[in-house]
Amino acid sequence: MTSDHADLDHSVDIDKHVRVYITVFVALMILTVVTVAISRLHLSVPLAVTVALFVAIIKGGLVAGYFMHLVSEKKLIYAVLVLTVAFFIALMALPILTHSSGYWVHE
């Protein structure tokens, strides 16, 4: 009898996960349609890039969070992610900082 109860709980748990995956999939499809629709609006380039990056960040967050299971990970994973983002920002800022201080000026 406990085996039947455990099987039922496992089945309900699987149904819950499948429902979440289908919901995320539908959200990704809607965001893809939004991306295509925005590209048809002929916005100015800076605005179009900003909106496209915003939609891409949301889609990337959904993929990383649910399909890569980062939603249920420990805090150490998030700490490593924050450290990676900090180093990425530092590396992207490095050319700006060295260019404004004159290191790239050819004499």
# chains A, B, ... in the order shown; residues from 1 in each chain; ligands from 1
$ residues_around --residues "segment 63-74 of chain A" --least-positions-apart "6" --cutoff "10 Å" --atoms "only C-alpha atoms" --output "list in words"
His17, Val20, Tyr21, Val24, Phe25, Leu28 and Ile57 of chain A
$ write_last_selection --atoms "C-alpha atoms" --output "compact mmCIF listing (two decimals), in the first residue's frame"
# COMPACT_ATOMS: atom_id res chain seq x y z
CA HIS A 17 7.62 19.40 -13.49
CA VAL A 20 6.48 23.93 -15.52
CA TYR A 21 8.55 22.94 -18.57
CA VAL A 24 8.44 27.92 -19.84
CA PHE A 25 8.38 26.61 -23.41
CA LEU A 28 9.85 31.27 -24.80
CA ILE A 57 17.97 38.51 -21.16
$ select_by_dssp --residues "chain A" --states "alpha helix (DSSP H)" --output "VMD selection string"
chain A and resid 2 to 39 45 to 62 75 to 100
$ atom_distance --atom1 "atom CA of Gly60 of chain A" --atom2 "atom CA of Ile30 of chain A"
13.8 Å
$ closest_residue --among "A:Leu76, A:Ala37, A:Leu31, A:Leu43" --to "Lys59 of chain A" --atoms "only C-alpha atoms"
A:Leu31
$ residues_around --residues "Ser39 of chain A" --least-positions-apart "4" --cutoff "12 Å" --atoms "only C-alpha atoms" --output "VMD selection string"
chain A and resid 32 to 35 43 to 45 47 to 52 55
